[in-house]
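These notes are about the structure you will find just below.
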Amino acid sequence: MVTIKPWRCQICGETYLGSKSSDRCPFCGADGENLKSAAHYIEYGEIEMSEQSRKDCLHALELEIDNQVFYQKCTEQADNQISKAIFKRLGKQEGEHAEVLEVMLGEEIDFNPDPTIPDNDFDRFAKSNEHEKRAINFYLEVARRAPESRVRQVFRARADIETEHMNLANIYK
Ligand SMILES: [Fe+2]
Ligand SMILES: [Fe+2]
């Protein structure tokens, strides 16, 4: 019998029980190097941040919620089980991304986007590509200007995760 241990993602804070680490955080998609043995996890919580970083985090939060809703709707309408599985996980990851930003900001926002959903999976993945590109470009831009190391850490990790989402969308469309 294998012994399972607690792991924790340094980017999203989610916990994971397993005999070994994973190559990606199952919750937010961050590279497995961010999955630490729980004892080594650093809890950042709410971050004191510059006015610009606050604005950037609020904008990021809107992007993440928009993408979360986009993928939730794509999941409902997916043409097959493969695309459904992908959209379902991407929706959960974007939701996780939004939650982390809310923790960093110490606030939630009232934002109810209504993204357009194309009527077939090929076009849904093409649209997903646009959503991800927009997020990647934004994260790359703001990661350079954030003075707070934790904010930079999260923005950089996001740029990588959203790039993987975009590559996935390109493979399946
Ligand atoms: Fe995201
Ligand atoms: Fe994404």
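FYI, nothing fancy with the structure tokens labels: chains A, B, ... in order, residues from 1 per chain, ligands from 1 as they appear.
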
Applying 8 Å and only C-alpha atoms, which residues near Ala159 of chain A remain after dropping the ones on its own chain fewer than 5 positions away? List them as a PyMOL selection string.
chain A and resi 135-137+139-140

Save the residues we just selected, all heavy atoms, as a CSV table (one decimal), in the first residue's frame?
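Printed below is again_17.csv as written:
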```csv
chain,number,residue,atom,x,y,z
A,135,ALA,N,-5.8,37.0,-22.0
A,135,ALA,CA,-5.3,36.9,-20.7
A,135,ALA,C,-3.8,36.8,-20.6
A,135,ALA,O,-3.1,37.5,-19.8
A,135,ALA,CB,-5.9,35.6,-20.0
A,136,ILE,N,-3.2,36.1,-21.6
A,136,ILE,CA,-1.7,36.0,-21.6
A,136,ILE,C,-1.1,37.3,-21.8
A,136,ILE,O,-0.1,37.7,-21.0
A,136,ILE,CB,-1.2,35.0,-22.7
A,136,ILE,CG1,-1.7,33.6,-22.5
A,136,ILE,CG2,0.3,35.0,-22.9
A,136,ILE,CD1,-1.7,32.7,-23.8
A,137,ASN,N,-1.5,38.1,-22.8
A,137,ASN,CA,-0.9,39.4,-23.1
A,137,ASN,C,-1.1,40.3,-21.8
A,137,ASN,O,-0.1,41.0,-21.5
A,137,ASN,CB,-1.6,40.0,-24.3
A,137,ASN,CG,-1.2,39.3,-25.6
A,137,ASN,OD1,-0.2,38.6,-25.6
A,137,ASN,ND2,-2.1,39.4,-26.6
A,139,TYR,N,-1.4,39.4,-18.6
A,139,TYR,CA,-0.5,38.9,-17.5
A,139,TYR,C,1.0,39.2,-17.8
A,139,TYR,O,1.7,39.6,-16.8
A,139,TYR,CB,-0.7,37.5,-17.2
A,139,TYR,CG,-2.0,37.2,-16.4
A,139,TYR,CD1,-2.9,36.3,-16.8
A,139,TYR,CD2,-2.1,37.8,-15.1
A,139,TYR,CE1,-4.1,36.0,-16.0
A,139,TYR,CE2,-3.2,37.6,-14.3
A,139,TYR,CZ,-4.2,36.7,-14.8
A,139,TYR,OH,-5.3,36.4,-14.0
A,140,LEU,N,1.4,39.1,-19.0
A,140,LEU,CA,2.8,39.3,-19.3
A,140,LEU,C,3.1,40.8,-19.1
A,140,LEU,O,4.2,41.2,-18.6
A,140,LEU,CB,3.1,39.0,-20.8
A,140,LEU,CG,3.2,37.5,-21.1
A,140,LEU,CD1,3.4,37.2,-22.5
A,140,LEU,CD2,4.3,36.8,-20.2
```

Write down as a ChimeraX atom specification the residues belonging to segment 52-112 of chain A that are assigned alpha helix (DSSP H) by DSSP computed on the backbone.
/A:52-77,81-105

List all protein, DNA and RNA residues that have an atom no more than 12 Å from any atom of ligand 2, counting only C-alpha atoms and all ligand atoms, and report them as JSON, numbers by chain.
{"A": [28, 29, 30, 60, 63, 64, 65, 66, 67, 68, 69, 70, 71, 86, 87, 88, 89, 90, 91, 92, 93, 94, 95, 96, 97, 98, 125, 127, 128, 129, 130, 131, 132, 133, 134, 135, 136, 137, 139, 157, 158, 159, 160, 161, 162, 163, 164, 165, 166, 167, 168, 169]}

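Selecting strand (DSSP E or B) from the backbone DSSP output for chain A yields A:Lys5, A:Pro6, A:Trp7, A:Arg8, A:Cys9, A:Thr15, A:Tyr16, A:Leu17, A:Gly18, A:Arg24, A:Asp31, A:Leu35, A:Lys36, A:Ser37.
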
Could you save those same residues with N, CA, C and O atoms as a compact mmCIF listing (two decimals), in the first residue's frame?
```
# COMPACT_ATOMS: atom_id res chain seq x y z
N LYS A 5 0.52 11.71 1.09
CA LYS A 5 0.99 12.87 1.87
C LYS A 5 0.24 14.12 1.39
O LYS A 5 -0.24 14.16 0.27
N PRO A 6 0.24 15.16 2.25
CA PRO A 6 -0.39 16.41 1.81
C PRO A 6 0.57 17.31 1.03
O PRO A 6 1.71 17.51 1.44
N TRP A 7 0.09 17.81 -0.10
CA TRP A 7 0.84 18.77 -0.92
C TRP A 7 0.02 20.03 -1.01
O TRP A 7 -1.20 20.01 -0.83
N ARG A 8 0.69 21.13 -1.29
CA ARG A 8 -0.07 22.37 -1.40
C ARG A 8 0.51 23.23 -2.52
O ARG A 8 1.73 23.38 -2.63
N CYS A 9 -0.38 23.80 -3.33
CA CYS A 9 0.08 24.62 -4.45
C CYS A 9 0.40 26.03 -3.97
O CYS A 9 -0.45 26.69 -3.38
N THR A 15 -5.01 22.19 -1.64
CA THR A 15 -4.27 21.04 -1.10
C THR A 15 -4.53 19.82 -1.97
O THR A 15 -5.57 19.71 -2.62
N TYR A 16 -3.57 18.95 -1.96
CA TYR A 16 -3.63 17.77 -2.82
C TYR A 16 -3.06 16.61 -2.03
O TYR A 16 -1.99 16.73 -1.43
N LEU A 17 -3.79 15.50 -1.96
CA LEU A 17 -3.29 14.33 -1.24
C LEU A 17 -2.84 13.29 -2.26
O LEU A 17 -3.62 12.90 -3.14
N GLY A 18 -1.58 12.88 -2.16
CA GLY A 18 -1.08 11.90 -3.11
C GLY A 18 0.26 11.34 -2.66
O GLY A 18 0.91 11.90 -1.78
N ARG A 24 1.27 19.02 -12.76
CA ARG A 24 0.53 20.28 -12.77
C ARG A 24 -0.36 20.31 -11.54
O ARG A 24 -0.85 19.26 -11.11
N ASP A 31 2.54 24.86 -12.87
CA ASP A 31 3.59 23.86 -13.02
C ASP A 31 3.81 23.14 -11.68
O ASP A 31 3.76 23.76 -10.62
N LEU A 35 3.95 22.79 -6.47
CA LEU A 35 3.30 21.91 -5.50
C LEU A 35 4.33 21.53 -4.45
O LEU A 35 5.25 20.77 -4.71
N LYS A 36 4.14 22.06 -3.25
CA LYS A 36 5.13 21.84 -2.19
C LYS A 36 4.54 20.92 -1.14
O LYS A 36 3.33 20.90 -0.93
N SER A 37 5.45 20.23 -0.47
CA SER A 37 5.04 19.46 0.68
C SER A 37 4.36 20.47 1.63
O SER A 37 4.86 21.59 1.82
```

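When only C-alpha atoms and all ligand atoms are used to measure the gap to ligand 1, the shortest distance among A:Ala126, A:Glu99, A:Ala39, A:Gly45 belongs to A:Glu99.
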